[in-house]
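Structure first, then comments.
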Amino acid sequence: ERFTYAAELAAQFSQRRGSVQEVLDLWLDWWRDLLLVKVGCNEAITNVDFEAPLIDSTRGYKLAQIKAFINSIQAAGEQLRQNANPQLVLEVLMFSMPGREESISVKYG
């Protein structure tokens, strides 16, 4: 599913570069807000209407994962500006997206 989305974005990039950069900017905003919530700076988030989902989402990620993916998004944007292969750049970005760590509760008895 991630790679299908990467292919769709890459196709869109060839038609309208700015739209893909807009998507990356939106992702940066979201992941930046996740970072801020994770470190307890909720008052600084951009997506104030999504504070509750952001709080819930932070439970599934470690701080290092959030930081690393923010760096990956920034790197992808820079690579696209330097005319790297959009399909490859976006597939690598999808591959670097962290998976949520679901907490597992075990009941005894």
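Each chain in the structure tokens gets a letter, A, B and so on, in the order shown; residues start at 1 in every chain, and ligands are counted from 1 in the order they appear.
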Set the distance at 9 Å and use only C-alpha atoms: which residues neighbour Phe3 (chain A) once local chain neighbours fewer than 6 positions away are removed? I'd like the list as a PDB file with C-alpha atoms, in the first residue's frame.
```
ATOM      1  CA  LEU A  90       9.398   8.347  -2.555  1.00  0.00           C
ATOM      2  CA  GLU A  91       9.766   4.565  -2.238  1.00  0.00           C
ATOM      3  CA  MET A  94       7.826   5.023   2.394  1.00  0.00           C
ATOM      4  CA  PHE A  95      10.307   2.367   3.466  1.00  0.00           C
TER       5      PHE A  95
END
```
Extract, using only C-alpha atoms, all DNA, RNA and protein residues at most 8 Å from region 35-46 of chain A, discarding same-chain residues fewer than 4 positions from it, and format them as a PyMOL selection string. chain A and resi 29+31+51+54-55+58+63+66-67
Name the residues of chain A that come out as alpha helix (DSSP H) in a backbone DSSP run; write them as a ChimeraX atom specification. /A:2-15,17-38,51-58,63-81,86-96
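The nearest approach to Leu34 (chain A) among the residues A:Ala84, A:Glu22, A:Phe69, A:Ala6, with only C-alpha atoms taken into account, belongs to A:Phe69.
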Taking 5 positions as the minimum chain separation for residues in the same chain, which residues sit within 12 Å of region 72-79 of chain A when counting only C-alpha atoms? Answer as a ChimeraX atom specification. /A:6,10,13,17-32,65-67,84-98
